[in-house]
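**Q** My file is protein-v3.pdb. It has PDB, C-alpha atoms:
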```
ATOM      1  CA  MET A   1     -20.843  21.694  -9.564
ATOM      2  CA  LYS A   2     -17.456  23.207 -10.427
ATOM      3  CA  ARG A   3     -18.489  26.621  -9.089
ATOM      4  CA  LEU A   4     -19.894  25.029  -5.957
ATOM      5  CA  LEU A   5     -16.610  23.214  -5.318
ATOM      6  CA  ILE A   6     -14.597  26.391  -5.812
ATOM      7  CA  PHE A   7     -16.912  28.328  -3.519
ATOM      8  CA  ALA A   8     -16.807  25.654  -0.826
ATOM      9  CA  SER A   9     -13.019  25.446  -1.058
ATOM     10  CA  LYS A  10     -12.700  29.083   0.041
ATOM     11  CA  PHE A  11     -13.843  28.076   3.514
ATOM     12  CA  LEU A  12     -11.590  25.066   3.812
ATOM     13  CA  PRO A  13      -8.265  25.029   5.615
ATOM     14  CA  THR A  14      -5.345  24.240   3.319
ATOM     15  CA  GLN A  15      -3.244  21.284   4.250
ATOM     16  CA  SER A  16       0.071  20.271   2.755
ATOM     17  CA  VAL A  17       0.433  17.244   0.533
ATOM     18  CA  TYR A  18       3.878  16.206  -0.611
ATOM     19  CA  ALA A  19       4.812  15.167  -4.100
ATOM     20  CA  HIS A  20       8.130  13.699  -3.143
ATOM     21  CA  CYS A  21      11.013  14.048  -3.676
ATOM     22  CA  ASP A  22      12.412  17.514  -4.148
ATOM     23  CA  VAL A  23      11.393  18.556  -0.677
ATOM     24  CA  PRO A  24      13.301  17.409   2.377
ATOM     25  CA  CYS A  25      10.630  14.920   3.373
ATOM     26  CA  GLY A  26      12.991  12.327   4.760
ATOM     27  CA  ILE A  27      11.743   9.513   2.543
ATOM     28  CA  TYR A  28      14.780   7.519   1.502
ATOM     29  CA  ASP A  29      15.144   3.869   0.678
ATOM     30  CA  PRO A  30      17.941   1.843  -0.954
ATOM     31  CA  LYS A  31      15.416  -0.615  -2.415
ATOM     32  CA  PRO A  32      15.083   1.062  -5.845
ATOM     33  CA  ALA A  33      18.890   0.935  -6.251
ATOM     34  CA  GLN A  34      18.932  -2.729  -5.224
ATOM     35  CA  ILE A  35      16.166  -3.595  -7.712
ATOM     36  CA  ALA A  36      17.979  -1.692 -10.472
ATOM     37  CA  ALA A  37      21.259  -3.522  -9.711
ATOM     38  CA  ALA A  38      19.456  -6.887  -9.715
ATOM     39  CA  THR A  39      17.958  -5.988 -13.099
ATOM     40  CA  VAL A  40      21.440  -5.324 -14.487
ATOM     41  CA  VAL A  41      22.518  -8.822 -13.356
ATOM     42  CA  LYS A  42      19.481 -10.377 -14.999
ATOM     43  CA  MET A  43      20.029  -8.517 -18.267
ATOM     44  CA  VAL A  44      23.679  -9.594 -18.414
ATOM     45  CA  SER A  45      22.560 -13.186 -17.876
ATOM     46  CA  LEU A  46      19.904 -12.928 -20.608
ATOM     47  CA  ILE A  47      22.405 -11.397 -23.036
ATOM     48  CA  ASP A  48      24.889 -14.196 -22.289
ATOM     49  CA  GLU A  49      22.238 -16.804 -23.034
ATOM     50  CA  LEU A  50      21.587 -15.444 -26.526
ATOM     51  CA  PRO A  51      23.168 -17.320 -29.444
ATOM     52  CA  LYS A  52      26.444 -15.770 -30.574
ATOM     53  CA  GLU A  53      26.241 -16.974 -34.185
ATOM     54  CA  ASN A  54      23.477 -17.348 -36.752
ATOM     55  CA  THR A  55      21.275 -14.968 -34.788
ATOM     56  CA  SER A  56      17.665 -14.514 -35.847
ATOM     57  CA  VAL A  57      15.835 -11.201 -36.031
ATOM     58  CA  SER A  58      14.112 -12.179 -32.802
ATOM     59  CA  ASP A  59      17.482 -12.789 -31.085
ATOM     60  CA  ARG A  60      18.775  -9.426 -32.217
ATOM     61  CA  ASN A  61      15.593  -7.738 -31.064
ATOM     62  CA  LYS A  62      15.953  -9.357 -27.644
ATOM     63  CA  PHE A  63      19.616  -8.358 -27.505
ATOM     64  CA  VAL A  64      18.807  -4.706 -28.147
ATOM     65  CA  ARG A  65      16.003  -4.744 -25.578
ATOM     66  CA  CYS A  66      18.254  -6.316 -22.948
ATOM     67  CA  VAL A  67      21.039  -3.808 -23.580
ATOM     68  CA  LEU A  68      18.552  -0.941 -23.374
ATOM     69  CA  THR A  69      17.143  -2.264 -20.102
ATOM     70  CA  LYS A  70      20.641  -2.790 -18.681
ATOM     71  CA  GLU A  71      21.595   0.754 -19.643
ATOM     72  CA  GLU A  72      18.452   2.255 -18.152
ATOM     73  CA  HIS A  73      18.705   0.361 -14.859
ATOM     74  CA  ALA A  74      22.412   1.070 -14.462
ATOM     75  CA  ARG A  75      21.526   4.771 -14.924
ATOM     76  CA  LYS A  76      18.677   4.489 -12.446
ATOM     77  CA  CYS A  77      20.888   2.697  -9.931
ATOM     78  CA  LYS A  78      23.432   5.511 -10.193
ATOM     79  CA  GLU A  79      20.750   8.151  -9.749
ATOM     80  CA  GLU A  80      19.293   6.416  -6.681
ATOM     81  CA  LEU A  81      22.764   6.079  -5.177
ATOM     82  CA  PHE A  82      23.422   9.785  -5.742
ATOM     83  CA  ILE A  83      20.193  10.623  -3.888
ATOM     84  CA  LEU A  84      21.210   8.507  -0.899
ATOM     85  CA  TRP A  85      24.766   9.806  -0.971
ATOM     86  CA  ALA A  86      23.927  13.481  -1.343
ATOM     87  CA  ASP A  87      20.577  13.778   0.432
ATOM     88  CA  TYR A  88      20.310  11.036   3.039
ATOM     89  CA  PHE A  89      23.804  10.518   4.399
ATOM     90  CA  LYS A  90      25.178  13.402   6.424
ATOM     91  CA  PRO A  91      28.702  14.284   7.598
ATOM     92  CA  GLU A  92      27.945  12.737  11.003
ATOM     93  CA  HIS A  93      27.506   9.347   9.322
ATOM     94  CA  LEU A  94      31.191   9.397   8.431
ATOM     95  CA  LYS A  95      32.029   8.651  12.056
ATOM     96  CA  MET A  96      29.912   5.528  11.849
ATOM     97  CA  PHE A  97      31.061   4.589   8.337
ATOM     98  CA  PRO A  98      34.521   6.015   7.623
ATOM     99  CA  SER A  99      34.559   4.357   4.177
ATOM    100  CA  LEU A 100      31.166   5.792   3.171
ATOM    101  CA  HIS A 101      32.446   8.017   0.377
ATOM    102  CA  GLU A 102      34.663   5.288  -1.006
ATOM    103  CA  LYS A 103      31.811   2.790  -1.066
ATOM    104  CA  PHE A 104      29.490   5.182  -2.895
ATOM    105  CA  TRP A 105      32.245   6.215  -5.289
ATOM    106  CA  SER A 106      32.987   2.569  -6.142
ATOM    107  CA  ALA A 107      29.292   1.751  -6.525
ATOM    108  CA  VAL A 108      28.539   4.616  -8.934
ATOM    109  CA  LYS A 109      31.693   3.735 -10.911
ATOM    110  CA  LEU A 110      30.353   0.177 -11.181
ATOM    111  CA  CYS A 111      27.088   1.555 -12.582
ATOM    112  CA  SER A 112      29.050   3.181 -15.415
ATOM    113  CA  GLN A 113      31.193   0.080 -15.957
ATOM    114  CA  ASN A 114      28.050  -2.003 -16.254
ATOM    115  CA  LYS A 115      26.782   0.338 -18.934
ATOM    116  CA  GLN A 116      30.030  -0.034 -20.860
ATOM    117  CA  ASN A 117      30.350  -3.806 -20.523
ATOM    118  CA  VAL A 118      28.399  -7.044 -20.489
ATOM    119  CA  ASP A 119      30.195  -8.723 -17.619
ATOM    120  CA  ALA A 120      28.639 -11.008 -15.010
ATOM    121  CA  LYS A 121      31.419 -10.234 -12.518
ATOM    122  CA  LEU A 122      30.905  -6.468 -12.790
ATOM    123  CA  ALA A 123      27.148  -6.907 -12.445
ATOM    124  CA  SER A 124      27.550  -9.095  -9.386
ATOM    125  CA  ASP A 125      30.028  -6.576  -7.899
ATOM    126  CA  LEU A 126      27.417  -3.862  -8.379
ATOM    127  CA  VAL A 127      24.807  -5.871  -6.454
ATOM    128  CA  LYS A 128      27.300  -6.431  -3.630
ATOM    129  CA  ALA A 129      28.265  -2.755  -3.532
ATOM    130  CA  VAL A 130      24.625  -1.628  -3.418
ATOM    131  CA  ASP A 131      23.815  -4.224  -0.759
ATOM    132  CA  GLU A 132      26.664  -2.889   1.383
ATOM    133  CA  ILE A 133      25.216   0.612   1.061
ATOM    134  CA  ALA A 134      21.759  -0.737   1.942
ATOM    135  CA  ASP A 135      23.318  -2.319   5.006
ATOM    136  CA  MET A 136      24.889   1.013   6.028
ATOM    137  CA  PHE A 137      21.521   2.651   5.493
ATOM    138  CA  ALA A 138      19.791   0.083   7.730
ATOM    139  CA  GLN A 139      22.459   0.512  10.428
ATOM    140  CA  SER A 140      22.136   4.289  10.319
ATOM    141  CA  LYS A 141      18.348   4.006  10.702
ATOM    142  CA  ALA A 142      18.718   1.593  13.611
ATOM    143  CA  ALA A 143      21.144   3.969  15.327
ATOM    144  CA  LYS A 144      18.630   6.859  15.302
TER     145      LYS A 144
ATOM    146  CA  MET B   1     -11.135  17.195   9.619
ATOM    147  CA  HIS B   2     -12.088  13.809   8.239
ATOM    148  CA  PHE B   3     -15.738  14.367   9.076
ATOM    149  CA  PHE B   4     -15.870  16.931   6.302
ATOM    150  CA  PRO B   5     -16.231  15.399   2.826
ATOM    151  CA  LEU B   6     -14.047  17.914   1.001
ATOM    152  CA  LEU B   7     -10.366  18.482   1.697
ATOM    153  CA  LYS B   8      -8.078  21.164   0.306
ATOM    154  CA  PHE B   9      -4.369  20.519  -0.193
ATOM    155  CA  LYS B  10      -1.429  22.508  -1.463
ATOM    156  CA  VAL B  11       1.063  20.380  -3.410
ATOM    157  CA  TYR B  12       4.756  20.594  -2.495
ATOM    158  CA  GLY B  13       7.327  18.907  -4.720
ATOM    159  CA  ASN B  14       7.673  17.749  -8.278
ATOM    160  CA  SER B  15       6.772  14.074  -8.347
ATOM    161  CA  MET B  16       3.353  14.754  -9.912
ATOM    162  CA  ARG B  17       4.564  17.071 -12.657
ATOM    163  CA  PRO B  18       3.283  17.880 -15.188
ATOM    164  CA  SER B  19      -0.227  17.073 -13.874
ATOM    165  CA  TYR B  20       0.187  18.855 -10.547
ATOM    166  CA  LYS B  21       2.920  21.411 -10.068
ATOM    167  CA  ASN B  22       4.648  22.605  -6.936
ATOM    168  CA  GLY B  23       2.384  25.134  -5.212
ATOM    169  CA  GLU B  24      -0.806  24.051  -6.965
ATOM    170  CA  GLN B  25      -3.933  23.528  -4.859
ATOM    171  CA  VAL B  26      -6.239  20.547  -5.206
ATOM    172  CA  LEU B  27      -9.561  19.481  -3.780
ATOM    173  CA  ALA B  28     -10.076  15.906  -2.665
ATOM    174  CA  LEU B  29     -13.166  14.009  -1.615
ATOM    175  CA  HIS B  30     -12.735  12.200   1.653
ATOM    176  CA  PHE B  31     -15.695   9.936   0.979
ATOM    177  CA  PHE B  32     -15.345   8.054  -2.269
ATOM    178  CA  LYS B  33     -16.417   4.722  -3.669
ATOM    179  CA  ASN B  34     -14.608   2.771  -6.328
ATOM    180  CA  LEU B  35     -11.075   3.855  -6.975
ATOM    181  CA  LYS B  36      -9.723   2.985 -10.371
ATOM    182  CA  ILE B  37      -6.512   3.137 -12.357
ATOM    183  CA  ASN B  38      -5.471   6.722 -13.158
ATOM    184  CA  ASP B  39      -7.301   8.227 -10.190
ATOM    185  CA  VAL B  40      -5.116  10.643  -8.248
ATOM    186  CA  VAL B  41      -5.214  10.163  -4.499
ATOM    187  CA  VAL B  42      -3.905  11.769  -1.350
ATOM    188  CA  LEU B  43      -2.581   9.106   0.959
ATOM    189  CA  LYS B  44      -1.121   8.903   4.402
ATOM    190  CA  ASN B  45       2.646   8.922   4.189
ATOM    191  CA  PRO B  46       3.736   5.271   4.580
ATOM    192  CA  HIS B  47       6.918   6.563   6.179
ATOM    193  CA  LYS B  48       5.975   7.306   9.744
ATOM    194  CA  ASN B  49       7.778   9.730  12.013
ATOM    195  CA  VAL B  50       8.205  12.323   9.295
ATOM    196  CA  LYS B  51       6.535  15.700   9.381
ATOM    197  CA  GLU B  52       4.989  15.240   5.952
ATOM    198  CA  LYS B  53       1.695  13.581   6.774
ATOM    199  CA  TYR B  54       0.236  13.201   3.293
ATOM    200  CA  ILE B  55       1.581  12.452  -0.155
ATOM    201  CA  ILE B  56      -0.095  12.652  -3.562
ATOM    202  CA  LYS B  57       0.180   9.896  -6.189
ATOM    203  CA  ARG B  58      -1.684   8.302  -9.087
ATOM    204  CA  ILE B  59      -3.130   4.791  -8.960
ATOM    205  CA  ALA B  60      -1.303   2.567 -11.460
ATOM    206  CA  LYS B  61      -2.602  -0.875 -10.488
ATOM    207  CA  VAL B  62      -5.482  -2.198  -8.431
ATOM    208  CA  SER B  63      -5.580  -5.689  -6.950
ATOM    209  CA  LYS B  64      -7.837  -7.075  -4.244
ATOM    210  CA  GLU B  65      -8.569  -3.725  -2.591
ATOM    211  CA  LYS B  66      -4.888  -2.809  -2.677
ATOM    212  CA  TYR B  67      -3.375  -0.061  -4.773
ATOM    213  CA  PHE B  68      -0.025   0.459  -6.460
ATOM    214  CA  VAL B  69       0.584   4.196  -6.708
ATOM    215  CA  LEU B  70       3.124   6.084  -8.785
ATOM    216  CA  GLY B  71       4.175   9.689  -9.279
ATOM    217  CA  ASP B  72       3.599  11.061 -12.780
ATOM    218  CA  ASN B  73       7.191  12.271 -12.775
ATOM    219  CA  SER B  74       8.708   8.872 -12.078
ATOM    220  CA  ARG B  75      12.282  10.138 -11.991
ATOM    221  CA  GLU B  76      11.496  12.324  -9.020
ATOM    222  CA  SER B  77       9.042  10.183  -7.165
ATOM    223  CA  THR B  78       9.155   7.885  -4.191
ATOM    224  CA  ASP B  79       6.084   5.716  -4.517
ATOM    225  CA  SER B  80       4.863   2.115  -4.471
ATOM    226  CA  ARG B  81       8.064   1.085  -6.224
ATOM    227  CA  ALA B  82       9.714   1.904  -2.917
ATOM    228  CA  PHE B  83       7.037   1.445  -0.254
ATOM    229  CA  GLY B  84       4.849  -1.224  -1.895
ATOM    230  CA  TRP B  85       1.090  -1.585  -2.268
ATOM    231  CA  ILE B  86      -1.182   0.519  -0.113
ATOM    232  CA  GLU B  87      -4.601  -0.203   1.347
ATOM    233  CA  LYS B  88      -7.804   1.775   1.009
ATOM    234  CA  LYS B  89      -7.655   2.795   4.668
ATOM    235  CA  ASP B  90      -4.417   4.660   3.879
ATOM    236  CA  ILE B  91      -6.106   6.859   1.297
ATOM    237  CA  ALA B  92      -7.271  10.169   2.737
ATOM    238  CA  GLY B  93      -8.986  11.451  -0.370
ATOM    239  CA  LYS B  94      -9.547  11.177  -4.080
ATOM    240  CA  VAL B  95      -8.467  14.282  -5.969
ATOM    241  CA  VAL B  96     -11.420  15.690  -7.883
ATOM    242  CA  TYR B  97     -10.404  19.182  -8.813
ATOM    243  CA  SER B  98      -7.379  21.380  -9.291
ATOM    244  CA  LEU B  99      -7.838  24.994  -8.195
TER     245      LEU B  99
END
```
Mind turning the file's structure into structure tokens?
**A**
Amino acid sequence: MKRLLIFASKFLPTQSVYAHCDVPCGIYDPKPAQIAAATVVKMVSLIDELPKENTSVSDRNKFVRCVLTKEEHARKCKEELFILWADYFKPEHLKMFPSLHEKFWSAVKLCSQNKQNVDAKLASDLVKAVDEIADMFAQSKAAK
Amino acid sequence: MHFFPLLKFKVYGNSMRPSYKNGEQVLALHFFKNLKINDVVVLKNPHKNVKEKYIIKRIAKVSKEKYFVLGDNSRESTDSRAFGWIEKKDIAGKVVYSL
């Protein structure tokens, strides 16, 4: 069977199939960054709800898991923002969004701040910052 | 092309590493029956108006004839986490062999 497949394949035309995303395939979406930012908010809320004194082993386990998840999603959010910033947005978008670089810069800084802190305000600011970028993304798509 | 049961593809990109590397060739069956979790499929790119017609991903979840597909290299993959569940009609072939 294997030999038959290999033999048959010699006569087949080769098509391209893309294993995104290190090729310029044009597939970009702010959704993963938005989901990651929303996860950071949720983790901060879960951490805040944990008892501060007389913690059980279960509480401490949950605390560590929440911090790990917050850390991972803040990292992921930053990575997704970098992809949009570096790969999707082009110099011509600066005419449409003069504050583009500032918005991205603030958003990625917020990712780091959310790693360093457990702060509902910082988490909420991150969601807002990512939503603003998602809005710019949507506007840029609509303008095409 | 789709009248022929066997399709040959060359993989471009890194989202399926380490299973399928950039430049590797795969064979896919256009006619297939039950798809299950862990099957690797070639699907029509959910993002229209791009020159890349097909993408390759692995089935991670199956629900009511819909499929949630992921790249093996999740850090470099745009997949169902971004474009959502896909339908069977969007699947061009089931990968059966790596050349």
**Q** As a check of understanding, name the residues that the PyMOL selection byres ((chain B and resi 44-54) around 9) selects in the supplied structure, as a tab-separated table (two decimals) with C-alpha atoms, in the coordinates of the input.
**A**
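Result file follows (out14.tsv):
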```tsv
chain	number	residue	atom	x	y	z
A	15	GLN	CA	-3.24	21.28	4.25
A	16	SER	CA	0.07	20.27	2.76
A	17	VAL	CA	0.43	17.24	0.53
A	18	TYR	CA	3.88	16.21	-0.61
A	19	ALA	CA	4.81	15.17	-4.10
A	25	CYS	CA	10.63	14.92	3.37
A	26	GLY	CA	12.99	12.33	4.76
A	27	ILE	CA	11.74	9.51	2.54
B	42	VAL	CA	-3.90	11.77	-1.35
B	43	LEU	CA	-2.58	9.11	0.96
B	55	ILE	CA	1.58	12.45	-0.16
B	56	ILE	CA	-0.10	12.65	-3.56
B	83	PHE	CA	7.04	1.44	-0.25
B	86	ILE	CA	-1.18	0.52	-0.11
B	89	LYS	CA	-7.66	2.80	4.67
B	90	ASP	CA	-4.42	4.66	3.88
B	91	ILE	CA	-6.11	6.86	1.30
B	92	ALA	CA	-7.27	10.17	2.74
```
**Q** Residues of chain B within 9 Å of chain A: nearest atom pair and distance (Å, one decimal) for each, counting all atoms listed in the file, sorted by chain and number, as CSV?
**A**
```
residue,atom,partner,partner_atom,distance
B:Leu6,CA,A:Ser9,CA,7.9
B:Leu7,CA,A:Leu12,CA,7.0
B:Lys8,CA,A:Thr14,CA,5.1
B:Phe9,CA,A:Gln15,CA,4.6
B:Lys10,CA,A:Ser16,CA,5.0
B:Val11,CA,A:Val17,CA,5.1
B:Tyr12,CA,A:Tyr18,CA,4.9
B:Gly13,CA,A:Ala19,CA,4.5
B:Asn14,CA,A:Ala19,CA,5.7
B:Ser15,CA,A:Ala19,CA,4.8
B:Met16,CA,A:Ala19,CA,6.0
B:Arg17,CA,A:Ala19,CA,8.8
B:Tyr20,CA,A:Ala19,CA,8.7
B:Lys21,CA,A:Ala19,CA,8.8
B:Asn22,CA,A:Ala19,CA,8.0
B:Gln25,CA,A:Thr14,CA,8.3
B:Leu27,CA,A:Ser9,CA,7.4
B:Val42,CA,A:Val17,CA,7.2
B:Leu43,CA,A:Val17,CA,8.7
B:Asn45,CA,A:Tyr18,CA,8.8
B:His47,CA,A:Ile27,CA,6.7
B:Val50,CA,A:Gly26,CA,6.6
B:Lys51,CA,A:Cys25,CA,7.3
B:Glu52,CA,A:Cys25,CA,6.2
B:Lys53,CA,A:Val17,CA,7.3
B:Tyr54,CA,A:Val17,CA,4.9
B:Ile55,CA,A:Tyr18,CA,4.4
B:Ile56,CA,A:Ala19,CA,5.5
B:Lys57,CA,A:Ala19,CA,7.3
B:Gly71,CA,A:Ala19,CA,7.6
B:Arg75,CA,A:Lys76,CA,8.5
B:Glu76,CA,A:Cys21,CA,5.6
B:Ser77,CA,A:His20,CA,5.4
B:Thr78,CA,A:His20,CA,6.0
B:Asp79,CA,A:His20,CA,8.4
B:Arg81,CA,A:Pro32,CA,7.0
B:Ala82,CA,A:Pro32,CA,6.2
B:Phe83,CA,A:Asp29,CA,8.5
B:Tyr97,CA,A:Leu5,CA,8.2
B:Leu99,CA,A:Ile6,CA,7.3
```
**Q** Which centre and edge lengths in Å to one decimal define the box along x, y and z that fits every listed atom of range 74-93 of chain A plus 5 Å per side, as lines of an AutoDock Vina configuration file?
**A**
```
center_x = 23.7
center_y = 7.7
center_z = -2.0
size_x = 20.0
size_y = 23.2
size_z = 35.9
```
**Q** For this structure, which residues satisfy the selection - the PyMOL selection byres ((chain A and resi 89-105) around 9) - when it is evaluated on the file as given? I want them as a PyMOL selection string.
**A** chain A and resi 81-82+84-88+106-110+129-130+132-133+136-137+140
**Q** As an exercise, work out the distance from CA of Ala60 in chain B to CA of Val41 in chain A in Å and give it to one decimal place.
**A**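 It comes out at 26.5 Å.
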**Q** Could you write out as a ChimeraX atom specification the residues that the PyMOL selection byres ((chain A and resi 114-122) around 10) matches in the shown file?
**A** /A:37,40-45,47-48,67-68,70-75,108-113,123-128
**Q** Quick one, how far is CA of Ile37 in chain B from CA of Lys66 in chain B?
**A**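 Between these atoms lies a distance of 11.5 Å.
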**Q** Hey, can you check how far CA of Asp72 in chain B sits from CA of Val95 in chain B?
**A** 14.2 Å
**Q** Within 7 Å of (-14.4, 9.6, -0.2) in the file's own coordinates, which protein, DNA or RNA residues have an atom, counting all atoms listed in the file? List them as an NGL selection string.
**A** :B and (5 or 29-33 or 93-94)
